[in-house]
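Note: the block below is upload-v8.txt and it holds compact mmCIF, C-alpha atoms.
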# COMPACT_ATOMS: atom_id res chain seq x y z
CA MET A 1 -1.40 -7.55 26.90
CA PRO A 2 -4.67 -8.74 25.28
CA GLU A 3 -4.97 -9.14 21.54
CA ALA A 4 -7.94 -6.75 21.54
CA GLU A 5 -5.69 -3.74 21.94
CA ILE A 6 -2.14 -2.51 22.34
CA GLU A 7 -1.58 -0.96 25.74
CA GLN A 8 0.08 2.41 25.14
CA ALA A 9 2.36 2.88 28.16
CA ALA A 10 3.24 6.47 27.35
CA GLU A 11 -0.42 7.45 27.33
CA GLY A 12 -1.55 5.27 30.22
CA ALA A 13 -4.25 3.63 28.14
CA HIS A 14 -6.51 1.15 29.86
CA LYS A 15 -9.29 -1.25 28.95
CA ILE A 16 -12.84 0.02 28.90
CA HIS A 17 -15.46 -2.39 30.18
CA CYS A 18 -19.21 -2.39 29.71
CA SER A 19 -21.01 -0.81 32.67
CA LYS A 20 -23.82 -3.36 32.34
CA CYS A 21 -22.14 -6.73 31.82
CA GLY A 22 -18.42 -6.06 32.37
CA ALA A 23 -17.33 -7.25 28.92
CA GLU A 24 -14.61 -5.37 27.08
CA LEU A 25 -15.84 -2.74 24.64
CA ARG A 26 -14.53 -2.53 21.08
CA TYR A 27 -14.64 0.04 18.31
CA GLN A 28 -17.52 -0.37 15.84
CA PRO A 29 -16.16 0.22 12.31
CA GLY A 30 -17.82 3.04 10.42
CA THR A 31 -19.06 4.76 13.57
CA THR A 32 -17.77 6.90 16.42
CA GLU A 33 -18.87 4.39 19.05
CA LEU A 34 -17.52 1.65 21.28
CA VAL A 35 -19.89 -1.32 21.49
CA CYS A 36 -20.36 -4.35 23.73
CA ASP A 37 -20.77 -7.56 21.73
CA TYR A 38 -22.67 -9.21 24.57
CA CYS A 39 -25.38 -6.74 25.59
CA GLY A 40 -25.18 -4.08 22.86
CA THR A 41 -24.21 -1.17 25.11
CA ARG A 42 -22.76 1.76 23.13
CA ASN A 43 -20.34 4.46 24.27
CA HIS A 44 -19.79 7.53 22.08
CA ILE A 45 -16.19 8.47 21.25
CA GLU A 46 -15.80 12.15 21.95
CA GLU A 47 -14.39 14.22 19.10
CA SER A 48 -10.86 15.38 19.84
CA ALA A 49 -10.09 19.08 19.82
CA VAL A 50 -6.47 18.39 18.78
CA GLU A 51 -5.60 19.60 15.28
CA ILE A 52 -3.72 17.34 12.87
CA GLU A 53 -0.70 19.43 11.94
CA GLU A 54 2.14 18.85 9.55
CA GLN A 55 5.52 18.81 11.31
CA ASP A 56 8.66 20.39 9.93
CA LEU A 57 10.77 17.45 8.79
CA HIS A 58 14.30 18.79 9.14
CA GLU A 59 13.58 20.66 12.36
CA PHE A 60 12.15 17.47 13.84
CA LEU A 61 15.14 15.39 12.77
CA ARG A 62 17.57 17.93 14.25
CA LYS A 63 15.82 17.97 17.61
CA GLU A 64 14.34 14.48 17.66
CA SER A 65 16.17 13.32 20.76
CA GLU A 66 14.94 16.34 22.71
CA ARG A 67 11.37 16.86 21.61
CA VAL A 68 10.09 13.54 20.26
CA VAL A 69 6.91 12.25 21.85
CA THR A 70 7.27 8.50 22.13
CA GLU A 71 5.30 5.53 23.31
CA THR A 72 6.56 2.15 24.46
CA VAL A 73 5.18 -0.88 22.65
CA GLU A 74 6.00 -4.57 23.04
CA THR A 75 6.77 -6.49 19.89
CA VAL A 76 7.75 -9.98 18.79
CA GLU A 77 9.88 -10.71 15.75
CA CYS A 78 8.80 -13.64 13.59
CA ASN A 79 11.53 -16.25 13.12
CA SER A 80 10.21 -17.12 9.65
CA CYS A 81 9.71 -13.82 7.80
CA GLY A 82 11.24 -11.28 10.20
CA ALA A 83 8.02 -9.28 10.56
CA ILE A 84 7.48 -7.34 13.79
CA ASN A 85 4.21 -8.46 15.41
CA PRO A 86 2.30 -6.85 18.29
CA PHE A 87 3.06 -8.85 21.46
CA ASP A 88 0.20 -10.83 23.01
CA GLU A 89 1.15 -12.38 26.34
CA THR A 90 -2.07 -14.43 26.45
CA ASN A 91 -1.07 -16.39 23.38
CA VAL A 92 2.69 -16.64 23.34
CA ALA A 93 2.97 -19.18 20.54
CA LYS A 94 0.37 -17.69 18.20
CA ALA A 95 1.08 -17.55 14.47
CA CYS A 96 2.63 -14.56 12.75
CA ILE A 97 -0.04 -12.33 11.24
CA PHE A 98 2.02 -11.85 8.09
CA CYS A 99 3.22 -15.37 7.20
CA GLY A 100 1.72 -17.87 9.63
CA GLY A 101 5.09 -18.70 11.24
CA HIS A 102 5.41 -19.31 14.98
CA LEU A 103 6.26 -16.60 17.49
CA ILE A 104 8.02 -17.31 20.77
CA VAL A 105 8.19 -15.22 23.92
CA LYS A 106 11.97 -14.93 24.01
CA ASP A 107 11.73 -12.68 20.96
CA ALA A 108 9.61 -10.09 22.79
CA ALA A 109 11.17 -6.63 22.98
CA LYS A 110 10.20 -3.12 24.06
CA ILE A 111 10.92 -0.31 21.66
CA GLU A 112 10.50 3.46 21.72
CA GLN A 113 8.32 4.78 18.92
CA ILE A 114 7.26 8.19 17.66
CA LYS A 115 3.62 8.50 18.63
CA PRO A 116 1.11 8.51 15.72
CA GLN A 117 -0.55 11.87 15.14
CA ALA A 118 -3.65 10.62 13.40
CA LEU A 119 -5.45 7.59 12.01
CA VAL A 120 -8.19 6.61 9.60
CA PRO A 121 -10.70 4.52 11.60
CA PHE A 122 -11.85 1.17 10.23
CA GLN A 123 -14.93 1.48 8.03
CA VAL A 124 -15.25 -2.17 6.99
CA GLU A 125 -16.52 -4.66 9.57
CA HIS A 126 -14.87 -8.05 10.02
CA ARG A 127 -17.83 -10.00 8.62
CA ARG A 128 -17.88 -7.89 5.47
CA ALA A 129 -14.10 -8.27 5.11
CA ILE A 130 -14.49 -12.06 5.15
CA LYS A 131 -17.16 -11.90 2.44
CA LEU A 132 -15.03 -9.55 0.35
CA TYR A 133 -12.14 -12.01 0.54
CA LYS A 134 -14.29 -15.01 -0.39
CA ASP A 135 -15.81 -13.14 -3.34
CA TRP A 136 -12.32 -12.11 -4.49
CA LEU A 137 -10.96 -15.66 -4.25
CA HIS A 138 -13.93 -17.26 -6.02
CA SER A 139 -13.58 -14.75 -8.87
CA ARG A 140 -10.08 -16.15 -9.53
CA TRP A 141 -10.87 -18.91 -11.99
CA PHE A 142 -7.31 -20.28 -11.95
CA ALA A 143 -7.23 -20.72 -8.15
CA PRO A 144 -7.19 -24.40 -7.09
CA ASN A 145 -10.60 -25.71 -6.00
CA ASP A 146 -9.32 -27.10 -2.70
CA LEU A 147 -7.96 -23.65 -1.82
CA LYS A 148 -11.39 -22.13 -2.36
CA ARG A 149 -12.87 -24.70 0.01
CA MET A 150 -10.56 -23.73 2.89
CA GLN A 151 -12.70 -22.87 5.92
CA ASN A 152 -10.09 -21.87 8.49
CA LEU A 153 -9.13 -18.55 6.92
CA PRO A 154 -11.75 -16.29 8.62
CA ASP A 155 -10.20 -17.04 12.02
CA LYS A 156 -6.86 -15.77 10.71
CA LEU A 157 -8.21 -12.54 9.24
CA LYS A 158 -6.97 -9.77 11.54
CA GLY A 159 -7.82 -6.09 11.54
CA ILE A 160 -4.64 -4.14 12.09
CA TYR A 161 -3.62 -0.50 11.97
CA MET A 162 -0.49 -0.27 9.84
CA PRO A 163 1.99 2.62 10.27
CA PHE A 164 2.62 5.08 7.45
CA TRP A 165 4.60 8.28 6.99
CA THR A 166 3.22 11.07 4.83
CA TYR A 167 5.58 13.67 3.36
CA ASP A 168 4.91 17.08 1.83
CA ALA A 169 7.34 19.18 -0.20
CA MET A 170 7.36 22.23 -2.43
CA THR A 171 9.71 21.75 -5.39
CA VAL A 172 11.05 24.20 -7.98
CA SER A 173 12.91 22.43 -10.79
CA GLU A 174 15.04 24.15 -13.44
CA TYR A 175 15.89 22.09 -16.49
CA THR A 176 17.48 22.14 -19.89
CA GLY A 177 16.86 19.56 -22.55
CA GLN A 178 15.54 18.90 -26.03
CA ARG A 179 12.09 18.60 -27.57
CA GLY A 180 11.73 16.00 -30.30
CA ILE A 181 9.18 16.52 -33.07
CA THR A 182 8.47 13.44 -35.14
CA ARG A 183 7.75 13.73 -38.86
CA THR A 184 7.22 11.27 -41.66
CA GLU A 185 8.87 11.76 -45.05
CA THR A 186 8.77 9.81 -48.28
CA GLU A 187 11.97 8.84 -50.05
CA THR A 188 12.64 7.27 -53.42
CA TYR A 189 15.02 4.38 -53.99
CA THR A 190 15.98 2.06 -56.84
CA VAL A 191 16.06 -1.72 -56.90
CA SER A 192 17.02 -4.21 -59.60
CA GLY A 193 14.08 -5.90 -61.27
CA GLU A 194 13.66 -8.53 -64.00
CA ASP A 195 13.24 -5.81 -66.61
CA GLY A 196 15.91 -3.54 -65.20
CA PRO A 197 16.05 -0.91 -62.45
CA GLU A 198 12.76 -0.18 -60.64
CA THR A 199 11.96 2.98 -58.70
CA ARG A 200 10.07 2.56 -55.45
CA THR A 201 9.08 4.76 -52.53
CA ARG A 202 9.04 4.23 -48.79
CA THR A 203 8.28 6.30 -45.71
CA LYS A 204 10.66 6.99 -42.89
CA THR A 205 10.05 8.48 -39.48
CA ARG A 206 12.52 11.13 -38.42
CA THR A 207 12.80 13.23 -35.27
CA ASP A 208 13.88 16.86 -35.30
CA TRP A 209 15.36 18.05 -32.00
CA TYR A 210 15.00 21.59 -30.63
CA PRO A 211 16.49 23.10 -27.46
CA ALA A 212 14.17 23.40 -24.45
CA ALA A 213 14.51 24.95 -21.01
CA GLY A 214 12.15 25.93 -18.25
CA VAL A 215 11.08 25.85 -14.62
CA VAL A 216 8.52 23.44 -13.15
CA GLU A 217 6.98 24.14 -9.75
CA HIS A 218 4.93 21.54 -7.90
CA PHE A 219 3.69 20.92 -4.37
CA PHE A 220 3.70 17.26 -3.38
CA ASP A 221 1.04 16.57 -0.77
CA ASP A 222 0.91 13.46 1.44
CA GLU A 223 3.38 11.21 -0.38
CA LEU A 224 2.45 7.99 1.44
CA ILE A 225 5.18 5.58 2.60
CA LEU A 226 4.48 2.27 4.35
CA ALA A 227 6.57 2.27 7.52
CA ASN A 228 6.75 -1.49 7.97
CA PRO A 229 7.78 -3.95 5.22
CA ALA A 230 6.01 -6.89 6.91
CA VAL A 231 3.54 -6.83 4.04
CA PRO A 232 4.75 -6.62 0.44
CA SER A 233 4.82 -3.03 -0.83
CA GLU A 234 3.59 -4.10 -4.27
CA ILE A 235 0.37 -5.31 -2.65
CA THR A 236 -0.12 -2.33 -0.33
CA MET A 237 0.39 0.07 -3.25
CA LYS A 238 -2.59 -1.58 -4.96
CA LEU A 239 -4.82 -0.85 -1.96
CA ARG A 240 -4.84 2.84 -2.92
CA PRO A 241 -6.44 5.29 -3.00
CA TRP A 242 -6.85 6.20 0.65
CA ASP A 243 -9.15 9.05 1.60
CA LEU A 244 -6.91 10.95 4.01
CA SER A 245 -9.61 13.57 4.51
CA MET A 246 -11.05 11.04 6.97
CA LEU A 247 -8.01 11.26 9.24
CA VAL A 248 -8.90 11.90 12.89
CA PRO A 249 -6.56 12.81 15.75
CA PHE A 250 -4.97 9.75 17.36
CA GLU A 251 -7.36 8.31 19.92
CA HIS A 252 -6.98 4.95 21.69
CA ASP A 253 -10.69 4.19 21.52
CA TYR A 254 -10.42 3.63 17.76
CA LEU A 255 -7.81 0.93 18.43
CA ARG A 256 -9.98 -1.19 20.72
CA GLY A 257 -10.70 -4.53 19.08
CA PHE A 258 -7.83 -4.17 16.62
CA LEU A 259 -4.09 -4.71 16.55
CA VAL A 260 -1.55 -1.94 16.03
CA GLU A 261 1.68 -2.56 14.12
CA SER A 262 4.87 -0.69 14.99
CA TYR A 263 7.00 0.95 12.35
CA SER A 264 10.42 -0.39 11.42
CA VAL A 265 11.13 2.11 8.63
CA GLY A 266 12.23 5.25 10.47
CA LEU A 267 11.29 8.83 9.68
CA GLU A 268 14.53 9.64 7.85
CA GLU A 269 14.61 6.35 5.95
CA GLY A 270 11.00 6.82 4.90
CA TYR A 271 11.83 10.31 3.64
CA GLY A 272 14.58 8.84 1.46
CA ILE A 273 12.03 6.51 -0.15
CA ALA A 274 9.56 9.37 -0.60
CA ARG A 275 12.22 11.57 -2.16
CA GLN A 276 13.05 8.91 -4.76
CA ARG A 277 9.39 8.68 -5.72
CA ILE A 278 9.05 12.45 -5.90
CA ASP A 279 12.21 12.72 -8.03
CA SER A 280 10.66 10.26 -10.48
CA GLN A 281 7.44 12.29 -10.60
CA ILE A 282 9.42 15.49 -11.15
CA ARG A 283 11.07 13.99 -14.24
CA THR A 284 7.61 13.09 -15.54
CA LEU A 285 6.43 16.68 -14.98
CA VAL A 286 9.52 18.04 -16.72
CA ARG A 287 8.99 15.81 -19.76
CA ARG A 288 5.40 17.00 -19.90
CA ASP A 289 6.60 20.60 -19.76
CA ILE A 290 9.12 20.04 -22.57
CA GLY A 291 6.31 18.67 -24.74
CA GLY A 292 6.70 17.37 -28.26
CA ASP A 293 6.73 13.73 -29.26
CA GLN A 294 9.95 12.83 -27.48
CA GLN A 295 11.96 14.48 -24.72
CA ARG A 296 15.55 14.55 -23.55
CA ILE A 297 16.52 15.95 -20.15
CA THR A 298 20.08 17.31 -20.17
CA THR A 299 20.27 19.02 -16.79
CA LEU A 300 17.83 19.10 -13.87
CA HIS A 301 18.18 20.92 -10.57
CA THR A 302 15.48 20.96 -7.90
CA ASP A 303 15.16 23.25 -4.88
CA TRP A 304 13.17 21.73 -2.01
CA SER A 305 11.25 23.67 0.64
CA ASP A 306 8.33 23.33 3.07
CA GLN A 307 9.21 19.70 3.79
CA THR A 308 6.83 18.33 6.40
CA PHE A 309 5.58 14.96 7.61
CA LYS A 310 2.92 13.13 9.60
CA HIS A 311 2.97 9.73 11.31
CA ILE A 312 -0.40 8.07 10.74
CA LEU A 313 -2.13 4.69 11.05
CA LEU A 314 -4.26 3.19 8.27
CA PRO A 315 -6.71 0.25 8.64
CA ILE A 316 -5.90 -3.00 6.86
CA TYR A 317 -7.20 -6.55 7.24
CA VAL A 318 -4.29 -8.96 6.94
CA SER A 319 -4.05 -12.70 6.56
CA ALA A 320 -1.56 -15.30 5.45
CA TYR A 321 -2.24 -18.91 4.56
CA LYS A 322 -0.12 -21.84 3.52
CA TYR A 323 -0.91 -23.91 0.46
CA LYS A 324 1.27 -26.90 -0.37
CA GLY A 325 4.07 -25.54 1.80
CA LYS A 326 4.12 -22.02 0.36
CA THR A 327 2.87 -18.87 2.11
CA TYR A 328 0.41 -16.54 0.39
CA ARG A 329 -0.71 -13.17 1.74
CA PHE A 330 -3.71 -11.01 1.06
CA LEU A 331 -4.79 -7.60 2.32
CA ILE A 332 -8.09 -5.71 2.49
CA ASN A 333 -8.28 -1.93 2.68
CA GLY A 334 -10.20 -1.40 5.93
CA GLN A 335 -11.51 1.92 4.63
CA THR A 336 -12.67 1.08 1.09
CA GLY A 337 -12.86 -2.74 0.98
CA GLU A 338 -10.32 -3.06 -1.86
CA VAL A 339 -8.88 -6.61 -1.86
CA GLN A 340 -5.37 -7.44 -3.08
CA GLY A 341 -3.17 -10.45 -2.65
CA LYS A 342 -1.46 -13.43 -4.17
CA ARG A 343 -2.82 -16.91 -4.62
CA PRO A 344 -1.57 -20.14 -6.20
CA TYR A 345 -2.57 -21.19 -9.69
CA SER A 346 -4.14 -24.49 -10.67
CA ALA A 347 -1.88 -26.23 -13.17
CA TRP A 348 -4.65 -28.43 -14.51
CA LYS A 349 -6.97 -25.46 -15.08
CA ILE A 350 -4.29 -23.65 -17.07
CA THR A 351 -3.55 -26.83 -19.05
CA PHE A 352 -7.28 -27.29 -19.74
CA LEU A 353 -7.55 -23.72 -21.03
CA VAL A 354 -4.54 -24.11 -23.33
CA LEU A 355 -5.93 -27.38 -24.73
CA ALA A 356 -9.34 -25.76 -25.24
CA ILE A 357 -7.76 -22.88 -27.16
CA LEU A 358 -5.76 -25.29 -29.32
CA LEU A 359 -8.92 -27.29 -30.00
CA VAL A 360 -10.81 -24.18 -31.09
CA ILE A 361 -7.93 -23.18 -33.39
CA ALA A 362 -7.85 -26.70 -34.88
CA ILE A 363 -11.61 -26.59 -35.58
CA ILE A 364 -11.34 -23.16 -37.23
CA VAL A 365 -8.48 -24.35 -39.45
CA MET A 366 -10.38 -27.52 -40.37
CA PHE A 367 -13.48 -25.59 -41.45
CA ALA A 368 -11.34 -23.04 -43.30
CA GLN A 369 -9.66 -25.79 -45.31
CA GLY A 370 -12.92 -27.61 -45.92
The structure in this file should be written as structure tokens.
Amino acid sequence: MPEAEIEQAAEGAHKIHCSKCGAELRYQPGTTELVCDYCGTRNHIEESAVEIEEQDLHEFLRKESERVVTETVETVECNSCGAINPFDETNVAKACIFCGGHLIVKDAAKIEQIKPQALVPFQVEHRRAIKLYKDWLHSRWFAPNDLKRMQNLPDKLKGIYMPFWTYDAMTVSEYTGQRGITRTETETYTVSGEDGPETRTRTKTRTDWYPAAGVVEHFFDDELILANPAVPSEITMKLRPWDLSMLVPFEHDYLRGFLVESYSVGLEEGYGIARQRIDSQIRTLVRRDIGGDQQRITTLHTDWSDQTFKHILLPIYVSAYKYKGKTYRFLINGQTGEVQGKRPYSAWKITFLVLAILLVIAIIVMFAQG
């Protein structure tokens, strides 16, 4: 199974070769074309007539074993970080995309997956992604200089479609609570002075509480949940926003030249994560509805309806590198070019900054005293 694409057994996908030179065609980011890197031949990707539809969540879960449309994908689990990598039989011992650890063929496994309904095609080309990363790293003043001089990173930068669930829900929340109104009042008090009692004043902030109750209705649209924890969620959250209006029906041609990651967070588990996030947002909406300066929520009951989902793929450039024995990851949003990641800090640069600040303070104090 070549690294250029994931063969989708359930769909009978196959390689597409250039009619002129025989080379394998790949998807050109930002277009609707497959291109040949050798002779420049272009093939147009036909627009699909399939509509991207929300699926009833609970109905799907009840009948999943009967009606689910699945595809078979081969995966390899990394022995270092546990990430599930797309299987590439032409390079059995290649490094894990997510941490740089080694993969071995005995870990290969076939799994049944719910087929993606839609995807956002890559908009950022590989060369631009490399430049975006270099610009991001060089803008980090505290990054070690020898890290910035690393030249082997571009070869490890992989374009990969990551799996996500999106969840919709209509919520109607009834609540009771209290609205706090803050006021400032002045009070008089007496202290003992050298010449006897002295009267002074001071201000105090007090909160008056009033009963509150109401109903908050809200439709949550496309609550996005990463379906594979191979990359840190705190980094992927920072890649937002995604423009999901650019979703297109799932089509294998958009995958050619890129990897596709399988999900390990199932539909029901993902919904549990989404529900926790929505619950938190509901409490924020309720506090806003209560108003005032402070709020207390005494009771809160939410009715849920119209719960639907989609399984989609979003484009991300992923890389991991090791620096002094520690793994660092960074991601690039393949749609917008947003770069996020972690990098080591230079101890001597931080020390130099602290000493410089102390020196400036010492000079200011010296002139002030002089």
Original post:
Interatomic distance between atom CA of A:Ile114 and atom CA of A:Glu54?
Top reply: 14.3 Å
Subject >> Distance query A:Tyr263 at most 7 Å, all atoms listed in the file, self and fewer than 3 positions along chain excluded, as a PyMOL selection string >> reply: chain A and resi 163+227-228
Residue selection dump (C-alpha atoms) as a PDB file, in the frame of the given file:
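Output contents, as saved in result33.pdb:
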ATOM      1  CA  PRO A 163       1.990   2.620  10.270  1.00  0.00           C
ATOM      2  CA  ALA A 227       6.570   2.270   7.520  1.00  0.00           C
ATOM      3  CA  ASN A 228       6.750  -1.490   7.970  1.00  0.00           C
TER       4      ASN A 228
END
Original post:
Just how far from atom CA of A:Trp165 is atom CA of A:Leu226, in Å to one decimal?
Top reply: 6.6 Å
Subject >> Nearest to A:Leu259 by atom-to-atom distance, counting all atoms listed in the file, from A:Tyr175, A:Tyr317, A:Tyr189, A:Phe330 >> reply: A:Tyr317
Original post:
Got a sec: who's within 12 Å of A:Val215, counting all atoms listed in the file, leaving out chain neighbours fewer than 6 positions off, as number ranges by chain?
Top reply: A: 171-177, 282-283, 285-290, 299-303
Subject >> Atomic distance atom CA of A:Trp304 - atom CA of A:Arg277, expressed in Å with one decimal >> reply: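 The value is 14.1 Å.
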**OP:** Counting all atoms listed in the file, figure out which residue out of A:Arg127, A:Arg275, A:Lys342, A:His58 gets nearest to A:Lys238.
**Re:** A:Lys342
**OP:** Might you pull out every residue within 12 Å of A:Gly334, with all atoms listed in the file counted and same-chain residues fewer than 5 positions away left off, and present them as a ChimeraX atom specification?
**Re:** /A:29-30,119-130,132,157-162,236,239-243,258,313-318,339-340
Subject >> Nearest-residue call for A:Tyr321, choices A:Arg256, A:Lys156, A:Arg183, A:His44, using all atoms listed in the file >> reply: A:Lys156
